[in-house]
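Engineer: Got a structure for you, coords11.cif, holding mmCIF, C-alpha atoms.
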data_final
loop_
_atom_site.group_PDB
_atom_site.id
_atom_site.type_symbol
_atom_site.label_atom_id
_atom_site.label_comp_id
_atom_site.auth_asym_id
_atom_site.auth_seq_id
_atom_site.Cartn_x
_atom_site.Cartn_y
_atom_site.Cartn_z
ATOM 1 C CA MET A 1161 34.147 25.557 54.120
ATOM 2 C CA MET A 1162 36.254 23.700 51.532
ATOM 3 C CA LEU A 1163 35.099 20.393 52.988
ATOM 4 C CA LEU A 1164 31.452 21.521 52.792
ATOM 5 C CA LEU A 1165 31.846 22.568 49.141
ATOM 6 C CA ALA A 1166 33.421 19.229 48.303
ATOM 7 C CA VAL A 1167 30.528 17.349 49.915
ATOM 8 C CA MET A 1168 28.007 19.498 48.050
ATOM 9 C CA ALA A 1169 29.800 18.807 44.794
ATOM 10 C CA VAL A 1170 29.639 15.058 45.385
ATOM 11 C CA VAL A 1171 25.929 15.254 46.251
ATOM 12 C CA GLY A 1172 25.274 17.354 43.156
ATOM 13 C CA CYS A 1173 26.961 14.794 40.952
ATOM 14 C CA ALA A 1174 24.936 12.011 42.561
ATOM 15 C CA LYS A 1175 21.729 13.732 41.461
ATOM 16 C CA GLU A 1176 22.691 13.449 37.772
ATOM 17 C CA PRO A 1177 23.280 9.770 37.032
ATOM 18 C CA ALA A 1178 24.676 8.821 33.651
ATOM 19 C CA PRO A 1179 21.977 7.808 31.159
ATOM 20 C CA ASP A 1180 21.320 4.094 30.960
ATOM 21 C CA GLY A 1181 21.500 2.096 27.750
ATOM 22 C CA LYS A 1182 17.791 2.399 27.014
ATOM 23 C CA GLU A 1183 17.845 6.190 27.313
ATOM 24 C CA THR A 1184 20.887 6.418 25.057
ATOM 25 C CA GLU A 1185 19.238 4.146 22.504
ATOM 26 C CA GLU A 1186 16.040 6.214 22.532
ATOM 27 C CA LYS A 1187 18.004 9.439 21.987
ATOM 28 C CA ALA A 1188 19.950 7.883 19.124
ATOM 29 C CA SER A 1189 16.725 6.617 17.554
ATOM 30 C CA ALA A 1190 15.137 10.066 17.837
ATOM 31 C CA GLN A 1191 18.195 11.679 16.236
ATOM 32 C CA THR A 1192 18.167 9.150 13.411
ATOM 33 C CA LYS A 1193 14.456 9.784 12.801
ATOM 34 C CA THR A 1194 15.037 13.555 12.729
ATOM 35 C CA VAL A 1195 17.805 13.145 10.164
ATOM 36 C CA ALA A 1196 15.656 10.787 8.082
ATOM 37 C CA ASP A 1197 12.776 13.278 8.086
ATOM 38 C CA LYS A 1198 15.094 15.961 6.691
ATOM 39 C CA LEU A 1199 16.503 13.734 3.943
ATOM 40 C CA SER A 1200 14.610 13.218 0.703
ATOM 41 C CA VAL A 1201 13.252 9.713 0.198
ATOM 42 C CA VAL A 1202 14.368 10.069 -3.437
ATOM 43 C CA ALA A 1203 17.965 9.209 -4.286
ATOM 44 C CA PRO A 1204 20.237 12.236 -4.801
ATOM 45 C CA GLY A 1205 19.917 13.493 -8.368
ATOM 46 C CA ALA A 1206 17.205 10.976 -9.329
ATOM 47 C CA LYS A 1207 14.296 12.131 -11.485
ATOM 48 C CA VAL A 1208 10.942 10.597 -12.334
ATOM 49 C CA GLU A 1209 11.429 8.764 -15.646
ATOM 50 C CA LYS A 1210 8.807 7.569 -18.118
ATOM 51 C CA LEU A 1211 9.365 3.891 -18.915
ATOM 52 C CA ALA A 1212 6.425 3.186 -21.221
ATOM 53 C CA GLY A 1213 3.279 4.849 -22.543
ATOM 54 C CA GLY A 1214 0.303 4.430 -24.832
ATOM 55 C CA PHE A 1215 -1.960 2.768 -22.248
ATOM 56 C CA LYS A 1216 -5.520 3.763 -21.345
ATOM 57 C CA PHE A 1217 -5.454 3.571 -17.530
ATOM 58 C CA THR A 1218 -2.550 1.976 -15.690
ATOM 59 C CA GLU A 1219 -2.944 0.617 -12.166
ATOM 60 C CA GLY A 1220 -1.916 -1.980 -9.599
ATOM 61 C CA PRO A 1221 1.897 -2.381 -9.870
ATOM 62 C CA ALA A 1222 3.344 -5.378 -8.010
ATOM 63 C CA ALA A 1223 6.888 -6.751 -7.842
ATOM 64 C CA ASP A 1224 7.685 -10.457 -8.054
ATOM 65 C CA ALA A 1225 10.618 -12.139 -6.300
ATOM 66 C CA GLU A 1226 12.985 -11.312 -9.190
ATOM 67 C CA GLY A 1227 12.098 -7.627 -9.195
ATOM 68 C CA ASN A 1228 9.936 -7.722 -12.326
ATOM 69 C CA ILE A 1229 6.931 -5.413 -12.158
ATOM 70 C CA PHE A 1230 3.439 -6.454 -13.196
ATOM 71 C CA PHE A 1231 0.808 -3.761 -13.708
ATOM 72 C CA THR A 1232 -2.668 -3.472 -15.141
ATOM 73 C CA ASP A 1233 -4.133 -1.461 -17.986
ATOM 74 C CA ILE A 1234 -7.739 -1.574 -16.806
ATOM 75 C CA LEU A 1235 -9.541 -0.155 -19.843
ATOM 76 C CA ASN A 1236 -7.521 -2.297 -22.262
ATOM 77 C CA ASN A 1237 -8.258 -5.334 -20.058
ATOM 78 C CA ARG A 1238 -4.615 -6.434 -19.783
ATOM 79 C CA ILE A 1239 -1.887 -7.220 -17.271
ATOM 80 C CA HIS A 1240 1.593 -6.200 -18.398
ATOM 81 C CA LYS A 1241 5.055 -7.198 -17.229
ATOM 82 C CA TRP A 1242 8.026 -4.855 -17.043
ATOM 83 C CA SER A 1243 11.089 -7.076 -16.709
ATOM 84 C CA SER A 1244 14.083 -6.291 -14.526
ATOM 85 C CA ALA A 1245 15.979 -5.977 -17.831
ATOM 86 C CA GLY A 1246 13.631 -3.174 -18.916
ATOM 87 C CA ARG A 1247 11.440 -5.015 -21.420
ATOM 88 C CA LEU A 1248 7.669 -4.685 -21.672
ATOM 89 C CA SER A 1249 5.405 -7.644 -22.458
ATOM 90 C CA THR A 1250 1.782 -8.672 -21.990
ATOM 91 C CA PHE A 1251 1.289 -11.230 -19.230
ATOM 92 C CA ARG A 1252 -2.461 -11.688 -19.601
ATOM 93 C CA GLU A 1253 -5.188 -10.632 -22.028
ATOM 94 C CA ASN A 1254 -8.829 -10.499 -20.935
ATOM 95 C CA SER A 1255 -7.839 -9.744 -17.368
ATOM 96 C CA GLY A 1256 -11.369 -9.283 -16.028
ATOM 97 C CA GLY A 1257 -10.711 -5.577 -15.624
ATOM 98 C CA ALA A 1258 -7.892 -6.360 -13.184
ATOM 99 C CA ASN A 1259 -6.927 -3.448 -10.944
ATOM 100 C CA GLY A 1260 -4.796 -4.036 -7.819
ATOM 101 C CA LEU A 1261 -2.167 -6.800 -7.951
ATOM 102 C CA LEU A 1262 0.068 -8.496 -5.385
ATOM 103 C CA PHE A 1263 2.266 -11.601 -5.288
ATOM 104 C CA ASP A 1264 1.775 -14.136 -2.525
ATOM 105 C CA ARG A 1265 4.548 -16.178 -0.919
ATOM 106 C CA ASP A 1266 4.069 -19.012 -3.411
ATOM 107 C CA GLY A 1267 4.681 -16.681 -6.322
ATOM 108 C CA HIS A 1268 1.033 -16.599 -7.398
ATOM 109 C CA LEU A 1269 -0.285 -13.288 -8.656
ATOM 110 C CA LEU A 1270 -3.318 -12.091 -6.693
ATOM 111 C CA ALA A 1271 -5.600 -9.825 -8.711
ATOM 112 C CA CYS A 1272 -8.657 -7.715 -7.965
ATOM 113 C CA GLU A 1273 -10.825 -8.258 -11.054
ATOM 114 C CA GLY A 1274 -13.128 -5.270 -11.019
ATOM 115 C CA ASN A 1275 -15.237 -6.235 -14.036
ATOM 116 C CA GLU A 1276 -15.674 -9.821 -12.857
ATOM 117 C CA ARG A 1277 -16.271 -8.599 -9.290
ATOM 118 C CA ARG A 1278 -13.911 -11.091 -7.701
ATOM 119 C CA LEU A 1279 -10.527 -11.692 -6.114
ATOM 120 C CA VAL A 1280 -8.435 -14.318 -7.901
ATOM 121 C CA SER A 1281 -5.067 -16.084 -7.792
ATOM 122 C CA ILE A 1282 -3.103 -16.677 -11.015
ATOM 123 C CA ASP A 1283 -0.307 -19.266 -11.067
ATOM 124 C CA SER A 1284 2.797 -19.194 -13.274
ATOM 125 C CA GLN A 1285 0.969 -21.165 -15.983
ATOM 126 C CA GLY A 1286 -1.884 -18.677 -16.082
ATOM 127 C CA LYS A 1287 -4.407 -20.865 -14.255
ATOM 128 C CA VAL A 1288 -6.990 -18.707 -12.457
ATOM 129 C CA THR A 1289 -8.474 -19.673 -9.093
ATOM 130 C CA VAL A 1290 -11.333 -17.640 -7.624
ATOM 131 C CA LEU A 1291 -10.630 -16.753 -3.975
ATOM 132 C CA ALA A 1292 -13.672 -14.584 -3.244
ATOM 133 C CA ASP A 1293 -16.598 -13.287 -5.276
ATOM 134 C CA LYS A 1294 -19.450 -13.070 -2.773
ATOM 135 C CA TYR A 1295 -20.172 -11.846 0.727
ATOM 136 C CA GLY A 1296 -23.411 -12.833 2.420
ATOM 137 C CA ASN A 1297 -24.327 -14.725 -0.773
ATOM 138 C CA LYS A 1298 -24.305 -11.451 -2.709
ATOM 139 C CA LYS A 1299 -21.828 -10.461 -5.397
ATOM 140 C CA LEU A 1300 -18.983 -8.166 -4.412
ATOM 141 C CA ASN A 1301 -18.985 -4.653 -5.887
ATOM 142 C CA SER A 1302 -15.619 -4.376 -7.672
ATOM 143 C CA PRO A 1303 -12.540 -5.487 -5.685
ATOM 144 C CA ASN A 1304 -9.956 -2.756 -6.108
ATOM 145 C CA ASP A 1305 -6.784 -3.002 -4.019
ATOM 146 C CA LEU A 1306 -5.274 -5.497 -1.575
ATOM 147 C CA TRP A 1307 -2.614 -6.292 1.033
ATOM 148 C CA LEU A 1308 -1.318 -9.672 2.189
ATOM 149 C CA ASP A 1309 -0.526 -10.224 5.877
ATOM 150 C CA ALA A 1310 2.078 -12.573 7.378
ATOM 151 C CA LYS A 1311 -0.572 -15.277 7.918
ATOM 152 C CA GLY A 1312 -1.429 -15.325 4.233
ATOM 153 C CA GLY A 1313 -4.685 -13.467 4.853
ATOM 154 C CA ILE A 1314 -5.788 -10.824 2.362
ATOM 155 C CA TYR A 1315 -7.306 -7.431 3.123
ATOM 156 C CA PHE A 1316 -9.049 -5.958 0.092
ATOM 157 C CA THR A 1317 -11.188 -2.921 -0.644
ATOM 158 C CA ASP A 1318 -14.476 -3.219 -2.524
ATOM 159 C CA PRO A 1319 -15.672 0.154 -3.835
ATOM 160 C CA ARG A 1320 -17.801 0.764 -6.884
ATOM 161 C CA TYR A 1321 -16.858 3.250 -9.592
ATOM 162 C CA GLY A 1322 -19.078 3.864 -12.608
ATOM 163 C CA ARG A 1323 -22.493 2.267 -13.097
ATOM 164 C CA ARG A 1324 -24.242 1.197 -9.912
ATOM 165 C CA GLU A 1325 -27.355 -0.614 -11.141
ATOM 166 C CA THR A 1326 -25.960 -4.068 -10.424
ATOM 167 C CA ILE A 1327 -24.709 -3.428 -6.879
ATOM 168 C CA GLU A 1328 -25.845 -6.157 -4.483
ATOM 169 C CA GLN A 1329 -23.929 -5.182 -1.342
ATOM 170 C CA ASP A 1330 -25.341 -2.569 1.050
ATOM 171 C CA GLY A 1331 -22.383 -0.230 0.594
ATOM 172 C CA GLU A 1332 -18.689 -0.012 -0.224
ATOM 173 C CA HIS A 1333 -16.603 -1.846 2.350
ATOM 174 C CA VAL A 1334 -13.307 -3.548 3.251
ATOM 175 C CA TYR A 1335 -12.930 -7.316 3.706
ATOM 176 C CA TYR A 1336 -10.471 -9.846 5.109
ATOM 177 C CA LEU A 1337 -10.017 -13.299 3.584
ATOM 178 C CA SER A 1338 -8.351 -15.714 5.995
ATOM 179 C CA GLY A 1339 -5.091 -17.462 5.160
ATOM 180 C CA SER A 1340 -7.003 -20.733 4.859
ATOM 181 C CA ARG A 1341 -9.204 -19.032 2.213
ATOM 182 C CA LYS A 1342 -12.239 -20.444 4.020
ATOM 183 C CA LYS A 1343 -13.513 -17.375 5.867
ATOM 184 C CA LEU A 1344 -14.382 -13.944 4.491
ATOM 185 C CA ILE A 1345 -15.289 -11.215 6.978
ATOM 186 C CA ARG A 1346 -16.186 -7.557 6.604
ATOM 187 C CA VAL A 1347 -13.756 -5.435 8.642
ATOM 188 C CA ILE A 1348 -14.730 -1.846 7.700
ATOM 189 C CA ASP A 1349 -18.282 -0.736 6.962
ATOM 190 C CA ASP A 1350 -18.269 3.020 7.573
ATOM 191 C CA MET A 1351 -16.378 4.442 4.587
ATOM 192 C CA VAL A 1352 -17.756 6.323 1.607
ATOM 193 C CA ARG A 1353 -15.520 4.608 -0.964
ATOM 194 C CA PRO A 1354 -12.450 2.707 0.266
ATOM 195 C CA ASN A 1355 -9.571 2.249 -2.144
ATOM 196 C CA GLY A 1356 -5.850 2.062 -1.304
ATOM 197 C CA VAL A 1357 -4.679 -0.273 1.457
ATOM 198 C CA ILE A 1358 -1.287 -1.175 2.979
ATOM 199 C CA GLY A 1359 -0.109 -2.722 6.236
ATOM 200 C CA THR A 1360 3.076 -2.685 8.288
ATOM 201 C CA PRO A 1361 5.474 -5.659 8.080
ATOM 202 C CA ASP A 1362 4.905 -6.555 11.734
ATOM 203 C CA GLY A 1363 1.217 -7.020 10.986
ATOM 204 C CA LYS A 1364 0.111 -4.581 13.677
ATOM 205 C CA VAL A 1365 -1.203 -1.610 11.670
ATOM 206 C CA LEU A 1366 -3.361 -1.308 8.564
ATOM 207 C CA TYR A 1367 -3.727 1.918 6.581
ATOM 208 C CA VAL A 1368 -6.854 2.316 4.458
ATOM 209 C CA ALA A 1369 -7.751 5.242 2.237
ATOM 210 C CA ASP A 1370 -11.342 6.423 2.002
ATOM 211 C CA HIS A 1371 -11.070 7.829 -1.507
ATOM 212 C CA GLY A 1372 -14.714 8.908 -1.455
ATOM 213 C CA GLY A 1373 -14.375 10.609 1.932
ATOM 214 C CA ASN A 1374 -10.969 12.116 1.069
ATOM 215 C CA LYS A 1375 -9.313 10.787 4.244
ATOM 216 C CA THR A 1376 -6.822 8.054 5.120
ATOM 217 C CA TYR A 1377 -7.120 6.104 8.383
ATOM 218 C CA LYS A 1378 -4.952 3.745 10.408
ATOM 219 C CA TYR A 1379 -6.213 0.741 12.361
ATOM 220 C CA THR A 1380 -4.878 -1.749 14.855
ATOM 221 C CA ILE A 1381 -4.934 -5.274 13.418
ATOM 222 C CA ASN A 1382 -6.316 -7.810 15.870
ATOM 223 C CA ALA A 1383 -5.273 -11.469 16.112
ATOM 224 C CA ASP A 1384 -8.446 -12.650 14.351
ATOM 225 C CA GLY A 1385 -7.984 -10.241 11.416
ATOM 226 C CA THR A 1386 -10.563 -7.730 12.624
ATOM 227 C CA LEU A 1387 -9.628 -4.066 12.997
ATOM 228 C CA SER A 1388 -9.942 -1.626 15.899
ATOM 229 C CA ASP A 1389 -8.746 1.757 17.181
ATOM 230 C CA LYS A 1390 -9.553 3.741 14.032
ATOM 231 C CA LYS A 1391 -7.541 6.973 13.794
ATOM 232 C CA LEU A 1392 -7.256 9.674 11.154
ATOM 233 C CA PHE A 1393 -3.843 9.373 9.518
ATOM 234 C CA ALA A 1394 -3.904 11.884 6.648
ATOM 235 C CA PRO A 1395 -6.353 14.580 5.489
ATOM 236 C CA GLU A 1396 -6.324 13.137 1.966
ATOM 237 C CA GLY A 1397 -7.725 10.040 0.408
ATOM 238 C CA SER A 1398 -5.650 7.954 -1.961
ATOM 239 C CA ASP A 1399 -5.974 5.656 -4.929
ATOM 240 C CA GLY A 1400 -2.942 3.450 -4.252
ATOM 241 C CA MET A 1401 -0.541 3.108 -1.324
ATOM 242 C CA THR A 1402 2.837 1.634 -0.428
ATOM 243 C CA ILE A 1403 5.314 1.683 2.467
ATOM 244 C CA ASP A 1404 9.105 1.994 2.653
ATOM 245 C CA SER A 1405 11.882 0.703 4.919
ATOM 246 C CA GLU A 1406 11.573 3.732 7.228
ATOM 247 C CA GLY A 1407 7.851 3.205 7.747
ATOM 248 C CA ASN A 1408 6.818 6.088 5.502
ATOM 249 C CA ILE A 1409 3.451 5.773 3.774
ATOM 250 C CA TYR A 1410 3.009 6.832 0.139
ATOM 251 C CA LEU A 1411 -0.364 8.138 -1.083
ATOM 252 C CA THR A 1412 -1.388 8.971 -4.648
ATOM 253 C CA THR A 1413 -3.430 12.126 -5.257
ATOM 254 C CA ASN A 1414 -2.419 14.797 -7.798
ATOM 255 C CA ALA A 1415 1.131 13.754 -6.905
ATOM 256 C CA VAL A 1416 2.790 11.147 -4.706
ATOM 257 C CA LEU A 1417 2.522 12.327 -1.088
ATOM 258 C CA VAL A 1418 4.885 10.839 1.492
ATOM 259 C CA TYR A 1419 3.879 10.725 5.167
ATOM 260 C CA ASN A 1420 5.979 9.474 8.040
ATOM 261 C CA SER A 1421 4.484 6.971 10.490
ATOM 262 C CA ALA A 1422 3.403 9.804 12.796
ATOM 263 C CA GLY A 1423 1.133 11.212 10.087
ATOM 264 C CA LYS A 1424 3.369 14.157 9.100
ATOM 265 C CA LYS A 1425 3.713 14.911 5.395
ATOM 266 C CA ILE A 1426 7.448 14.945 4.671
ATOM 267 C CA GLU A 1427 7.648 15.077 0.890
ATOM 268 C CA THR A 1428 5.805 15.456 -2.417
ATOM 269 C CA ILE A 1429 6.987 13.638 -5.552
ATOM 270 C CA GLU A 1430 5.632 15.258 -8.696
ATOM 271 C CA VAL A 1431 4.682 12.997 -11.611
ATOM 272 C CA PRO A 1432 3.924 14.205 -15.189
ATOM 273 C CA GLU A 1433 0.509 12.487 -15.081
ATOM 274 C CA ARG A 1434 -1.819 11.963 -12.132
ATOM 275 C CA PRO A 1435 -0.537 8.845 -10.317
ATOM 276 C CA ALA A 1436 -2.894 5.992 -9.517
ATOM 277 C CA ASN A 1437 -0.748 3.435 -7.721
ATOM 278 C CA LEU A 1438 2.848 2.560 -6.873
ATOM 279 C CA CYS A 1439 5.210 -0.074 -5.514
ATOM 280 C CA PHE A 1440 8.879 -0.669 -4.825
ATOM 281 C CA GLY A 1441 10.828 -3.113 -6.956
ATOM 282 C CA GLY A 1442 13.902 -3.558 -9.108
ATOM 283 C CA LYS A 1443 17.395 -4.149 -7.799
ATOM 284 C CA ASN A 1444 17.448 -4.126 -3.984
ATOM 285 C CA LYS A 1445 13.825 -2.884 -4.023
ATOM 286 C CA GLN A 1446 15.198 0.630 -4.315
ATOM 287 C CA THR A 1447 13.172 1.836 -7.296
ATOM 288 C CA LEU A 1448 9.690 3.281 -6.957
ATOM 289 C CA PHE A 1449 7.426 2.303 -9.869
ATOM 290 C CA ILE A 1450 4.375 4.469 -10.517
ATOM 291 C CA THR A 1451 1.327 3.846 -12.683
ATOM 292 C CA ALA A 1452 -0.138 7.124 -13.920
ATOM 293 C CA ARG A 1453 -2.988 7.281 -16.397
ATOM 294 C CA THR A 1454 -1.531 6.472 -19.859
ATOM 295 C CA SER A 1455 2.018 5.773 -18.707
ATOM 296 C CA PHE A 1456 4.350 3.844 -16.437
ATOM 297 C CA TYR A 1457 7.092 5.686 -14.510
ATOM 298 C CA SER A 1458 9.954 5.029 -12.122
ATOM 299 C CA VAL A 1459 12.330 6.943 -9.851
ATOM 300 C CA GLY A 1460 15.418 5.833 -7.959
ATOM 301 C CA MET A 1461 15.035 6.027 -4.187
ATOM 302 C CA ARG A 1462 17.255 6.530 -1.136
ATOM 303 C CA VAL A 1463 14.913 4.302 0.870
ATOM 304 C CA LYS A 1464 13.940 0.732 0.070
ATOM 305 C CA GLY A 1465 10.646 -1.083 -0.204
ATOM 306 C CA LEU A 1466 9.624 -3.829 2.193
#
Output the file's structure as structure tokens, nothing else.
Structural biologist:
Amino acid sequence: MMLLLAVMAVVGCAKEPAPDGKETEEKASAQTKTVADKLSVVAPGAKVEKLAGGFKFTEGPAADAEGNIFFTDILNNRIHKWSSAGRLSTFRENSGGANGLLFDRDGHLLACEGNERRLVSIDSQGKVTVLADKYGNKKLNSPNDLWLDAKGGIYFTDPRYGRRETIEQDGEHVYYLSGSRKKLIRVIDDMVRPNGVIGTPDGKVLYVADHGGNKTYKYTINADGTLSDKKLFAPEGSDGMTIDSEGNIYLTTNAVLVYNSAGKKIETIEVPERPANLCFGGKNKQTLFITARTSFYSVGMRVKGL
């Protein structure tokens, strides 16, 4: 009997092999994700702080390589600079109603000029180069927000707010300008009014907010820049969007809403004024800068920007 029990014990142990490295890694990753979901994305004790005010409608914050933040005041037709030392200056007057901003890898500032209905590049000397102003030989509506992929291609949204008499396009769509700047294609044509846009660093997923339809969607990015596999990501639209080092997506509605990559809302960051757009910047990209109506805000973060 003792011999039989011993054999059974050995057989029983053989049925429960030790986990391999992959299984252990997956469990550790799941545990880390669970912990991250429970932690606030905001740094312990940090509060939303007003940095500057007196604007008419702030939008489009973008960080340069030194951590300075550039943002637009659409109704005053200006682009401002908030230096890493905490000083405010005017970078450009007569901005063409610039809205969304982004720096490319050459340090040029890309701007969606809503009033001029074009996407432009601005070099360090202030020289403006038009990248796109027409599709199908018809003027764009009002380029609004943009994201740059690893190939240098630019996804941008083209809604129309305000007067609509001069619209030439057949709707409000999303476009992709190739890295060579020679080819402009329409990649989304079924939204009510697209607005915020952000992609993942690996270039595989694009998030686009249908502000008019009050929904945010995620897409698979194909090798040629086209999009496929549309899926609902969040039951809210958004004006601006950004992403952090944990893959969380930030939407702006009445507050800043934070969703994890699985589409679960994990946090709400309240702002004194309704936020329009946001980006990470500053030292170690660990400050979240927020444009909100007449003011410009920031908050220290536990997570970092990408």
Engineer: For the contact check between segment 1356-1440 of chain A and segment 1294-1311 of chain A, emit one row per residue of segment 1356-1440 of chain A within 9 Å, containing the shortest atom pair and the distance in Å rounded to one decimal, counting all atoms listed in the file, chain then rising number order, as a Markdown table.
Structural biologist:
| residue | atom | partner | partner_atom | distance |
| --- | --- | --- | --- | --- |
| A:Gly1356 | CA | A:Asp1305 | CA | 5.8 |
| A:Val1357 | CA | A:Leu1306 | CA | 6.1 |
| A:Ile1358 | CA | A:Trp1307 | CA | 5.6 |
| A:Gly1359 | CA | A:Trp1307 | CA | 6.8 |
| A:Thr1360 | CA | A:Asp1309 | CA | 8.7 |
| A:Pro1361 | CA | A:Ala1310 | CA | 7.7 |
| A:Asp1362 | CA | A:Ala1310 | CA | 7.9 |
| A:Gly1363 | CA | A:Asp1309 | CA | 6.3 |
| A:Asp1399 | CA | A:Asp1305 | CA | 8.7 |
| A:Gly1400 | CA | A:Asp1305 | CA | 7.5 |
Engineer: Which residue, A:Glu1226, A:Glu1430, A:Glu1328, A:Glu1219, has the smallest gap to Gly1257 of chain A when you use all atoms listed in the file?
Structural biologist: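 The closest residue to Gly1257 of chain A is A:Glu1219.
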Engineer: Check the smallest atom-to-atom distance from each of A:Ser1255, A:Ser1421, A:Asn1382, A:Thr1317 to Val1352 of chain A using all atoms listed in the file, then report the winner.
Structural biologist: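 Nearest to Val1352 of chain A: A:Thr1317.
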Engineer: Find the residues near Arg1323 of chain A: any atom within 12 Å, counting only C-alpha atoms, skip ones fewer than 2 places away on the same chain, and give them as a list of chain:residue names.
Structural biologist: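 Surrounding residues, per the criterion: A:Asn1275, A:Asn1301, A:Ser1302, A:Pro1319, A:Arg1320, A:Tyr1321, A:Glu1325, A:Thr1326, A:Ile1327.
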Engineer: Within 12 Å of Ile1314 of chain A, counting all atoms listed in the file, which residues show up once you throw out same-chain ones fewer than 4 positions away? Write them as a PyMOL selection string, please.
Structural biologist: chain A and resi 1261-1264+1270-1272+1279-1281+1291-1292+1303+1305-1310+1334-1347+1357-1359+1363+1366+1385-1386
Engineer: May I have the residues within 7 Å of Val1201 of chain A as a PyMOL selection string, using all atoms listed in the file and disregarding those fewer than 5 positions away in the same chain?
Structural biologist: chain A and resi 1461-1463
Engineer: Kindly give the distance, in Å, that separates atom CA of Glu1406 of chain A and atom CA of Tyr1377 of chain A, rounded to a single decimal.
Structural biologist: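 Answer for the atom CA of Glu1406 of chain A to atom CA of Tyr1377 of chain A separation: 18.9 Å.
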Engineer: From the list A:Gly1460, A:Ala1222, A:Pro1432, A:Glu1253, which residue is nearest Gly1267 of chain A when using only C-alpha atoms?
Structural biologist: A:Ala1222
Engineer: As a check of understanding, name the residues that the PyMOL selection byres ((chain A and resi 1239-1252) around 7) selects in the supplied structure, as a ChimeraX atom specification.
Structural biologist: /A:1227-1233,1238,1253-1255,1442
Engineer: Centre and edge lengths, as lines of an AutoDock Vina configuration file, for the axis-aligned box enclosing every listed atom of segment 1351-1370 of chain A with 3 Å of padding on each of the six sides, in Å to one decimal?
Structural biologist:
center_x = -6.1
center_y = -0.3
center_z = 5.8
size_x = 29.2
size_y = 19.4
size_z = 21.8
Engineer: Enumerate, as a PDB file with C-alpha atoms, keeping the file's coordinate frame, the protein, DNA and RNA residues whose atoms approach (14.0, 15.2, 1.4) to within 12 Å, taking into account all atoms listed in the file and the coordinate frame of the file.
Structural biologist:
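Listed below is the output, point-v1.pdb:
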ATOM      1  CA  THR A1194      15.037  13.555  12.729  1.00  0.00           C
ATOM      2  CA  VAL A1195      17.805  13.145  10.164  1.00  0.00           C
ATOM      3  CA  ALA A1196      15.656  10.787   8.082  1.00  0.00           C
ATOM      4  CA  ASP A1197      12.776  13.278   8.086  1.00  0.00           C
ATOM      5  CA  LYS A1198      15.094  15.961   6.691  1.00  0.00           C
ATOM      6  CA  LEU A1199      16.503  13.734   3.943  1.00  0.00           C
ATOM      7  CA  SER A1200      14.610  13.218   0.703  1.00  0.00           C
ATOM      8  CA  VAL A1201      13.252   9.713   0.198  1.00  0.00           C
ATOM      9  CA  VAL A1202      14.368  10.069  -3.437  1.00  0.00           C
ATOM     10  CA  ALA A1203      17.965   9.209  -4.286  1.00  0.00           C
ATOM     11  CA  PRO A1204      20.237  12.236  -4.801  1.00  0.00           C
ATOM     12  CA  GLY A1205      19.917  13.493  -8.368  1.00  0.00           C
ATOM     13  CA  ALA A1206      17.205  10.976  -9.329  1.00  0.00           C
ATOM     14  CA  VAL A1418       4.885  10.839   1.492  1.00  0.00           C
ATOM     15  CA  TYR A1419       3.879  10.725   5.167  1.00  0.00           C
ATOM     16  CA  ASN A1420       5.979   9.474   8.040  1.00  0.00           C
ATOM     17  CA  LYS A1425       3.713  14.911   5.395  1.00  0.00           C
ATOM     18  CA  ILE A1426       7.448  14.945   4.671  1.00  0.00           C
ATOM     19  CA  GLU A1427       7.648  15.077   0.890  1.00  0.00           C
ATOM     20  CA  THR A1428       5.805  15.456  -2.417  1.00  0.00           C
ATOM     21  CA  ILE A1429       6.987  13.638  -5.552  1.00  0.00           C
ATOM     22  CA  MET A1461      15.035   6.027  -4.187  1.00  0.00           C
ATOM     23  CA  ARG A1462      17.255   6.530  -1.136  1.00  0.00           C
ATOM     24  CA  VAL A1463      14.913   4.302   0.870  1.00  0.00           C
TER      25      VAL A1463
END
Engineer: Determine the residue membership of the PyMOL selection byres ((chain A and resi 1433) around 12) for the file above and supply it as an mmCIF file with C-alpha atoms, in the frame of the given file.
Structural biologist:
data_model
loop_
_atom_site.group_PDB
_atom_site.id
_atom_site.type_symbol
_atom_site.label_atom_id
_atom_site.label_comp_id
_atom_site.auth_asym_id
_atom_site.auth_seq_id
_atom_site.Cartn_x
_atom_site.Cartn_y
_atom_site.Cartn_z
ATOM 1 C CA VAL A 1208 10.942 10.597 -12.334
ATOM 2 C CA GLU A 1209 11.429 8.764 -15.646
ATOM 3 C CA LYS A 1210 8.807 7.569 -18.118
ATOM 4 C CA GLY A 1213 3.279 4.849 -22.543
ATOM 5 C CA PHE A 1217 -5.454 3.571 -17.530
ATOM 6 C CA THR A 1218 -2.550 1.976 -15.690
ATOM 7 C CA THR A 1412 -1.388 8.971 -4.648
ATOM 8 C CA THR A 1413 -3.430 12.126 -5.257
ATOM 9 C CA ASN A 1414 -2.419 14.797 -7.798
ATOM 10 C CA ALA A 1415 1.131 13.754 -6.905
ATOM 11 C CA VAL A 1416 2.790 11.147 -4.706
ATOM 12 C CA ILE A 1429 6.987 13.638 -5.552
ATOM 13 C CA GLU A 1430 5.632 15.258 -8.696
ATOM 14 C CA VAL A 1431 4.682 12.997 -11.611
ATOM 15 C CA PRO A 1432 3.924 14.205 -15.189
ATOM 16 C CA ARG A 1434 -1.819 11.963 -12.132
ATOM 17 C CA PRO A 1435 -0.537 8.845 -10.317
ATOM 18 C CA ALA A 1436 -2.894 5.992 -9.517
ATOM 19 C CA ASN A 1437 -0.748 3.435 -7.721
ATOM 20 C CA ILE A 1450 4.375 4.469 -10.517
ATOM 21 C CA THR A 1451 1.327 3.846 -12.683
ATOM 22 C CA ALA A 1452 -0.138 7.124 -13.920
ATOM 23 C CA ARG A 1453 -2.988 7.281 -16.397
ATOM 24 C CA THR A 1454 -1.531 6.472 -19.859
ATOM 25 C CA SER A 1455 2.018 5.773 -18.707
ATOM 26 C CA PHE A 1456 4.350 3.844 -16.437
ATOM 27 C CA TYR A 1457 7.092 5.686 -14.510
#
